[in-house]
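Source file: final30.cif. Holds: mmCIF, C-alpha atoms and all ligand atoms.
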data_input
loop_
_atom_site.label_atom_id
_atom_site.label_comp_id
_atom_site.auth_asym_id
_atom_site.auth_seq_id
_atom_site.Cartn_x
_atom_site.Cartn_y
_atom_site.Cartn_z
CA MET Z 1 -70.50 -58.64 56.48
CA LYS Z 2 -71.81 -61.91 55.04
CA LYS Z 3 -75.58 -61.89 54.46
CA VAL Z 4 -78.11 -64.66 53.81
CA VAL Z 5 -79.89 -63.72 50.59
CA LEU Z 6 -82.96 -65.29 48.98
CA ILE Z 7 -83.57 -64.33 45.34
CA SER Z 8 -86.50 -65.56 43.29
CA GLY Z 9 -86.02 -66.38 39.60
CA VAL Z 10 -82.28 -67.03 39.15
CA SER Z 11 -82.53 -69.07 35.95
CA SER Z 12 -81.97 -66.03 33.73
CA GLY Z 13 -81.81 -62.24 33.47
CA PHE Z 14 -81.40 -59.92 36.44
CA GLY Z 15 -81.93 -62.70 39.00
CA LYS Z 16 -79.07 -64.80 37.61
CA GLN Z 17 -76.74 -61.78 37.44
CA ILE Z 18 -77.56 -60.58 40.97
CA ALA Z 19 -77.24 -64.11 42.40
CA ASN Z 20 -73.81 -64.59 40.80
CA LEU Z 21 -72.58 -61.17 41.89
CA LEU Z 22 -73.67 -61.62 45.51
CA SER Z 23 -72.25 -65.16 45.78
CA GLU Z 24 -68.96 -64.01 44.23
CA ASN Z 25 -68.85 -61.34 46.95
CA GLY Z 26 -69.05 -63.98 49.68
CA HIS Z 27 -72.72 -63.86 50.60
CA ILE Z 28 -74.77 -67.01 51.22
CA VAL Z 29 -77.15 -66.99 48.27
CA TYR Z 30 -80.28 -69.09 47.74
CA GLY Z 31 -81.99 -68.72 44.38
CA THR Z 32 -85.28 -70.13 43.19
CA VAL Z 33 -86.02 -71.78 39.84
CA ARG Z 34 -89.04 -73.46 38.26
CA LYS Z 35 -87.19 -75.99 36.12
CA ASP Z 36 -84.12 -78.05 36.95
CA ILE Z 37 -81.03 -76.08 35.97
CA LEU Z 38 -77.36 -76.15 36.84
CA SER Z 39 -76.65 -73.94 39.82
CA PRO Z 40 -75.29 -70.56 38.68
CA GLY Z 41 -71.95 -70.20 40.51
CA ASN Z 42 -72.17 -70.91 44.23
CA VAL Z 43 -75.88 -70.27 44.38
CA ASN Z 44 -77.97 -72.80 46.32
CA VAL Z 45 -80.84 -73.62 44.00
CA LEU Z 46 -84.37 -74.22 45.35
CA LYS Z 47 -87.49 -75.19 43.37
CA MET Z 48 -90.27 -72.59 43.57
CA ASP Z 49 -93.15 -71.39 41.42
CA LEU Z 50 -94.88 -68.12 42.31
CA MET Z 51 -98.22 -69.71 41.41
CA ASP Z 52 -97.72 -72.47 43.99
CA HIS Z 53 -97.98 -71.27 47.63
CA VAL Z 54 -96.74 -74.60 48.98
CA SER Z 55 -93.51 -74.33 46.95
CA ILE Z 56 -92.97 -70.75 48.21
CA LYS Z 57 -93.34 -71.82 51.84
CA ARG Z 58 -91.09 -74.83 51.25
CA ALA Z 59 -88.33 -72.64 49.78
CA VAL Z 60 -88.48 -70.11 52.63
CA ASP Z 61 -88.60 -72.88 55.27
CA THR Z 62 -85.55 -74.56 53.70
CA VAL Z 63 -83.47 -71.39 53.99
CA LEU Z 64 -84.65 -70.75 57.57
CA GLU Z 65 -83.88 -74.35 58.56
CA LYS Z 66 -80.37 -74.22 57.07
CA GLU Z 67 -79.36 -70.63 57.92
CA GLY Z 68 -81.72 -69.63 60.74
CA LYS Z 69 -82.54 -66.31 59.05
CA ILE Z 70 -83.01 -64.43 55.78
CA ASP Z 71 -81.23 -61.06 55.77
CA VAL Z 72 -82.17 -60.00 52.26
CA LEU Z 73 -85.15 -61.02 50.12
CA ILE Z 74 -85.08 -60.05 46.43
CA ASN Z 75 -88.49 -60.54 44.81
CA ASN Z 76 -87.20 -60.73 41.25
CA ALA Z 77 -89.18 -63.56 39.62
CA GLY Z 78 -91.84 -62.44 37.22
CA MET Z 79 -92.68 -61.66 33.67
CA HIS Z 80 -92.11 -58.38 31.90
CA THR Z 81 -95.36 -56.63 30.95
CA VAL Z 82 -94.29 -56.52 27.30
CA VAL Z 83 -93.95 -60.33 27.31
CA LEU Z 84 -97.34 -60.66 29.01
CA LEU Z 85 -98.96 -58.37 26.43
CA ARG Z 86 -97.33 -60.30 23.58
CA MET Z 87 -98.64 -63.62 25.03
CA LEU Z 88 -102.11 -62.12 25.43
CA LEU Z 89 -102.15 -60.79 21.87
CA LEU Z 90 -100.94 -64.14 20.48
CA ASN Z 91 -103.68 -65.94 22.40
CA ILE Z 92 -106.33 -63.56 21.07
CA LEU Z 93 -105.01 -63.99 17.51
CA ASN Z 94 -104.99 -67.79 17.90
CA PHE Z 95 -108.58 -67.82 19.15
CA ARG Z 96 -109.66 -65.75 16.14
CA TRP Z 97 -107.69 -67.65 13.51
CA ILE Z 98 -107.92 -71.30 14.57
CA PRO Z 99 -111.69 -71.65 13.85
CA THR Z 100 -111.23 -69.90 10.48
CA TYR Z 101 -108.34 -72.21 9.62
CA LEU Z 102 -110.37 -75.31 10.51
CA GLU Z 103 -113.37 -74.30 8.37
N1 LIG Z 201 -86.10 -56.61 31.73
C1 LIG Z 201 -86.74 -55.44 31.92
O1 LIG Z 201 -86.61 -54.48 31.15
C2 LIG Z 201 -87.65 -55.26 33.12
C3 LIG Z 201 -88.29 -54.05 33.33
C4 LIG Z 201 -89.12 -53.88 34.44
C5 LIG Z 201 -89.30 -54.92 35.34
N2 LIG Z 201 -88.67 -56.09 35.12
C6 LIG Z 201 -88.90 -57.16 36.10
O2 LIG Z 201 -87.64 -57.63 36.59
C7 LIG Z 201 -87.74 -59.02 36.86
C8 LIG Z 201 -86.63 -59.78 36.10
O3 LIG Z 201 -86.70 -59.46 34.71
P1 LIG Z 201 -85.74 -60.18 33.66
O4 LIG Z 201 -85.71 -59.30 32.46
O5 LIG Z 201 -84.45 -60.55 34.33
O6 LIG Z 201 -86.66 -61.46 33.32
P2 LIG Z 201 -86.26 -62.96 32.86
O7 LIG Z 201 -84.90 -63.02 32.26
O8 LIG Z 201 -87.44 -63.44 32.06
O9 LIG Z 201 -86.22 -63.75 34.24
C9 LIG Z 201 -87.39 -63.91 34.99
C10 LIG Z 201 -87.15 -64.95 36.04
O10 LIG Z 201 -88.38 -65.10 36.79
C11 LIG Z 201 -88.73 -66.48 36.76
N3 LIG Z 201 -90.18 -66.61 36.79
C12 LIG Z 201 -91.10 -66.12 35.92
N4 LIG Z 201 -92.34 -66.47 36.29
C13 LIG Z 201 -92.20 -67.22 37.42
C14 LIG Z 201 -93.11 -67.90 38.26
N5 LIG Z 201 -94.43 -67.92 38.04
N6 LIG Z 201 -92.62 -68.58 39.34
C15 LIG Z 201 -91.30 -68.60 39.59
N7 LIG Z 201 -90.38 -68.00 38.83
C16 LIG Z 201 -90.83 -67.32 37.75
C17 LIG Z 201 -88.15 -67.02 35.48
O11 LIG Z 201 -88.04 -68.42 35.59
P3 LIG Z 201 -88.20 -69.41 34.30
O12 LIG Z 201 -86.84 -69.52 33.68
O13 LIG Z 201 -88.69 -70.68 34.88
O14 LIG Z 201 -89.23 -68.76 33.39
C18 LIG Z 201 -86.80 -66.32 35.47
O15 LIG Z 201 -85.88 -66.95 36.31
C19 LIG Z 201 -89.13 -59.48 36.42
O16 LIG Z 201 -89.97 -59.53 37.56
C20 LIG Z 201 -89.58 -58.37 35.47
O17 LIG Z 201 -91.00 -58.22 35.50
C21 LIG Z 201 -87.85 -56.30 34.03
#
Please express the file's structure as C-alpha cells.
Ligand SMILES: NC(=O)c1ccc[n+]([C@@H]2O[C@H](COP(=O)([O-])OP(=O)(O)OC[C@H]3O[C@@H](n4cnc5c(N)ncnc54)[C@H](OP(=O)(O)O)[C@@H]3O)[C@@H](O)[C@H]2O)c1
Amino acid sequence: MKKVVLISGVSSGFGKQIANLLSENGHIVYGTVRKDILSPGNVNVLKMDLMDHVSIKRAVDTVLEKEGKIDVLINNAGMHTVVLLRMLLLNILNFRWIPTYLE
C-alpha cells in the first residue's frame, strides 16, 4: 500500500538511499535538504534546516497541504558523532594555534 513518507536529510548517505528506495517502490516521498540539489529520483525535495524551527514547520505543512497526511516520518538528518568530535577538535586546535601563528 502506497505511503506518504517524509525523510529529513536526503542530500547524501542513508537519507538519499532510503528516499530513492522508497520512491522506486511506489511510495510518495518527500525529502528535506539544506542546500539546493537535484531531486534524487522521484523524491519531492523540500528546504529544511534542523536549526530553523520555521523551516521545519514549513516543510511539514507543505506535505500536509499536498497529501493530507504523513504516514511515515524518518528523522534521519544529523551529524555523526565522529564528525562532530573531529570538528570540535579542529576548532580547539585552531584556537590554540592561530594566536601563536600570528605572534
Ligand atoms: N554513518 C554512520 O555510521 C552512522 C552511525 C550512527 C548514526 N548515524 C546517523 O544516521 C544519520 C545519517 O547518517 P549518514 O552517514 O547518512 O550522514 P550524511 O551522509 O552526512 O547525511 C546527513 C544528512 O543530514 C543532513 N543534515 C545534517 N545536519 C542538518 C541540519 N542541521 N539540518 C538539516 N539537515 C541536516 C545533511 O544535509 P547537508 O548535505 O546539507 O549537510 C545530509 O543530508 C545521521 O543522523 C547520523 O547521525 C550514522
Report, as lines of an AutoDock Vina configuration file, the axis-aligned box around all atoms of segment 1-16 of chain Z present in the file, extended by 3 Å on each side; give centre and edge lengths in Å to one decimal place.
center_x = -78.5
center_y = -63.9
center_z = 45.0
size_x = 22.0
size_y = 16.4
size_z = 29.0
Exercise. Counting all atoms listed in the file, what residues are within 9 Å of ligand LIG 201 (chain Z), given as a ChimeraX atom specification?
Worked result: /Z:8-17,32-36,47-52,75-83
Filtering to C-alpha atoms, could you give me those residues as a PDB file, in the frame of the given file?
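Output saved as out_28.pdb:
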ATOM      1  CA  SER Z   8     -86.500 -65.560  43.290  1.00  0.00           C
ATOM      2  CA  GLY Z   9     -86.020 -66.380  39.600  1.00  0.00           C
ATOM      3  CA  VAL Z  10     -82.280 -67.030  39.150  1.00  0.00           C
ATOM      4  CA  SER Z  11     -82.530 -69.070  35.950  1.00  0.00           C
ATOM      5  CA  SER Z  12     -81.970 -66.030  33.730  1.00  0.00           C
ATOM      6  CA  GLY Z  13     -81.810 -62.240  33.470  1.00  0.00           C
ATOM      7  CA  PHE Z  14     -81.400 -59.920  36.440  1.00  0.00           C
ATOM      8  CA  GLY Z  15     -81.930 -62.700  39.000  1.00  0.00           C
ATOM      9  CA  LYS Z  16     -79.070 -64.800  37.610  1.00  0.00           C
ATOM     10  CA  GLN Z  17     -76.740 -61.780  37.440  1.00  0.00           C
ATOM     11  CA  THR Z  32     -85.280 -70.130  43.190  1.00  0.00           C
ATOM     12  CA  VAL Z  33     -86.020 -71.780  39.840  1.00  0.00           C
ATOM     13  CA  ARG Z  34     -89.040 -73.460  38.260  1.00  0.00           C
ATOM     14  CA  LYS Z  35     -87.190 -75.990  36.120  1.00  0.00           C
ATOM     15  CA  ASP Z  36     -84.120 -78.050  36.950  1.00  0.00           C
ATOM     16  CA  LYS Z  47     -87.490 -75.190  43.370  1.00  0.00           C
ATOM     17  CA  MET Z  48     -90.270 -72.590  43.570  1.00  0.00           C
ATOM     18  CA  ASP Z  49     -93.150 -71.390  41.420  1.00  0.00           C
ATOM     19  CA  LEU Z  50     -94.880 -68.120  42.310  1.00  0.00           C
ATOM     20  CA  MET Z  51     -98.220 -69.710  41.410  1.00  0.00           C
ATOM     21  CA  ASP Z  52     -97.720 -72.470  43.990  1.00  0.00           C
ATOM     22  CA  ASN Z  75     -88.490 -60.540  44.810  1.00  0.00           C
ATOM     23  CA  ASN Z  76     -87.200 -60.730  41.250  1.00  0.00           C
ATOM     24  CA  ALA Z  77     -89.180 -63.560  39.620  1.00  0.00           C
ATOM     25  CA  GLY Z  78     -91.840 -62.440  37.220  1.00  0.00           C
ATOM     26  CA  MET Z  79     -92.680 -61.660  33.670  1.00  0.00           C
ATOM     27  CA  HIS Z  80     -92.110 -58.380  31.900  1.00  0.00           C
ATOM     28  CA  THR Z  81     -95.360 -56.630  30.950  1.00  0.00           C
ATOM     29  CA  VAL Z  82     -94.290 -56.520  27.300  1.00  0.00           C
ATOM     30  CA  VAL Z  83     -93.950 -60.330  27.310  1.00  0.00           C
TER      31      VAL Z  83
END
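When atom CA of Lys3 of chain Z is paired with atom CA of Tyr30 of chain Z, their separation reads 10.9 Å.
In this structure, atom CA of Ser55 of chain Z sits 27.5 Å away from atom CA of Arg86 of chain Z.
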Problem set entry | atom CA of His53 of chain Z to atom CA of Leu6 of chain Z, straight-line distance in Å | 16.2 Å
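Considering all atoms listed in the file, the residue among Z:Leu46, Z:Val54, Z:Val5, Z:Leu93 positioned nearest to Gly26 of chain Z is Z:Val5.
Distances here use all atoms listed in the file; by that measure, the residue among Z:Gly41, Z:Ile7, Z:Arg58, Z:Lys2 closest to Ile28 of chain Z is Z:Lys2.
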For this session: Would you list the residues near (-77.4, -70.3, 58.5), meaning any protein, DNA or RNA residue with an atom at most 12 Å from that point in file coordinates, counting all atoms listed in the file, as a PyMOL selection string?
Result: chain Z and resi 2-5+27-30+61-71
N, CA, C and O atoms for segment 23-36 of chain Z, written as a PDB file, keeping the file's coordinate frame, could you do that?
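What ended up in out_28.pdb:
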ATOM      1  N   SER Z  23     -73.001 -63.981  45.312  1.00  0.00           N
ATOM      2  CA  SER Z  23     -72.250 -65.160  45.780  1.00  0.00           C
ATOM      3  C   SER Z  23     -70.750 -64.959  45.569  1.00  0.00           C
ATOM      4  O   SER Z  23     -69.944 -65.358  46.410  1.00  0.00           O
ATOM      5  N   GLU Z  24     -70.393 -64.301  44.468  1.00  0.00           N
ATOM      6  CA  GLU Z  24     -68.960 -64.010  44.230  1.00  0.00           C
ATOM      7  C   GLU Z  24     -68.393 -63.087  45.304  1.00  0.00           C
ATOM      8  O   GLU Z  24     -67.211 -63.094  45.589  1.00  0.00           O
ATOM      9  N   ASN Z  25     -69.276 -62.268  45.895  1.00  0.00           N
ATOM     10  CA  ASN Z  25     -68.850 -61.340  46.950  1.00  0.00           C
ATOM     11  C   ASN Z  25     -68.954 -61.949  48.343  1.00  0.00           C
ATOM     12  O   ASN Z  25     -68.898 -61.228  49.348  1.00  0.00           O
ATOM     13  N   GLY Z  26     -69.149 -63.280  48.402  1.00  0.00           N
ATOM     14  CA  GLY Z  26     -69.050 -63.980  49.680  1.00  0.00           C
ATOM     15  C   GLY Z  26     -70.348 -64.135  50.446  1.00  0.00           C
ATOM     16  O   GLY Z  26     -70.333 -64.649  51.570  1.00  0.00           O
ATOM     17  N   HIS Z  27     -71.452 -63.705  49.884  1.00  0.00           N
ATOM     18  CA  HIS Z  27     -72.720 -63.860  50.600  1.00  0.00           C
ATOM     19  C   HIS Z  27     -73.268 -65.277  50.396  1.00  0.00           C
ATOM     20  O   HIS Z  27     -72.903 -65.964  49.433  1.00  0.00           O
ATOM     21  N   ILE Z  28     -74.136 -65.698  51.339  1.00  0.00           N
ATOM     22  CA  ILE Z  28     -74.770 -67.010  51.220  1.00  0.00           C
ATOM     23  C   ILE Z  28     -76.043 -66.800  50.415  1.00  0.00           C
ATOM     24  O   ILE Z  28     -76.981 -66.143  50.896  1.00  0.00           O
ATOM     25  N   VAL Z  29     -76.048 -67.315  49.177  1.00  0.00           N
ATOM     26  CA  VAL Z  29     -77.150 -66.990  48.270  1.00  0.00           C
ATOM     27  C   VAL Z  29     -77.987 -68.232  47.961  1.00  0.00           C
ATOM     28  O   VAL Z  29     -77.463 -69.276  47.565  1.00  0.00           O
ATOM     29  N   TYR Z  30     -79.307 -68.082  48.160  1.00  0.00           N
ATOM     30  CA  TYR Z  30     -80.280 -69.090  47.740  1.00  0.00           C
ATOM     31  C   TYR Z  30     -81.090 -68.472  46.614  1.00  0.00           C
ATOM     32  O   TYR Z  30     -81.546 -67.329  46.724  1.00  0.00           O
ATOM     33  N   GLY Z  31     -81.236 -69.234  45.513  1.00  0.00           N
ATOM     34  CA  GLY Z  31     -81.990 -68.720  44.380  1.00  0.00           C
ATOM     35  C   GLY Z  31     -83.045 -69.725  43.955  1.00  0.00           C
ATOM     36  O   GLY Z  31     -82.817 -70.932  43.991  1.00  0.00           O
ATOM     37  N   THR Z  32     -84.203 -69.211  43.567  1.00  0.00           N
ATOM     38  CA  THR Z  32     -85.280 -70.130  43.190  1.00  0.00           C
ATOM     39  C   THR Z  32     -85.390 -70.271  41.675  1.00  0.00           C
ATOM     40  O   THR Z  32     -85.099 -69.337  40.922  1.00  0.00           O
ATOM     41  N   VAL Z  33     -85.811 -71.473  41.264  1.00  0.00           N
ATOM     42  CA  VAL Z  33     -86.020 -71.780  39.840  1.00  0.00           C
ATOM     43  C   VAL Z  33     -87.301 -72.610  39.710  1.00  0.00           C
ATOM     44  O   VAL Z  33     -87.763 -73.201  40.681  1.00  0.00           O
ATOM     45  N   ARG Z  34     -87.860 -72.617  38.488  1.00  0.00           N
ATOM     46  CA  ARG Z  34     -89.040 -73.460  38.260  1.00  0.00           C
ATOM     47  C   ARG Z  34     -88.631 -74.804  37.686  1.00  0.00           C
ATOM     48  O   ARG Z  34     -89.203 -75.823  38.002  1.00  0.00           O
ATOM     49  N   LYS Z  35     -87.635 -74.742  36.762  1.00  0.00           N
ATOM     50  CA  LYS Z  35     -87.190 -75.990  36.120  1.00  0.00           C
ATOM     51  C   LYS Z  35     -85.806 -76.353  36.638  1.00  0.00           C
ATOM     52  O   LYS Z  35     -85.076 -75.466  37.085  1.00  0.00           O
ATOM     53  N   ASP Z  36     -85.451 -77.642  36.513  1.00  0.00           N
ATOM     54  CA  ASP Z  36     -84.120 -78.050  36.950  1.00  0.00           C
ATOM     55  C   ASP Z  36     -83.068 -77.392  36.075  1.00  0.00           C
ATOM     56  O   ASP Z  36     -83.106 -77.508  34.849  1.00  0.00           O
TER      57      ASP Z  36
END
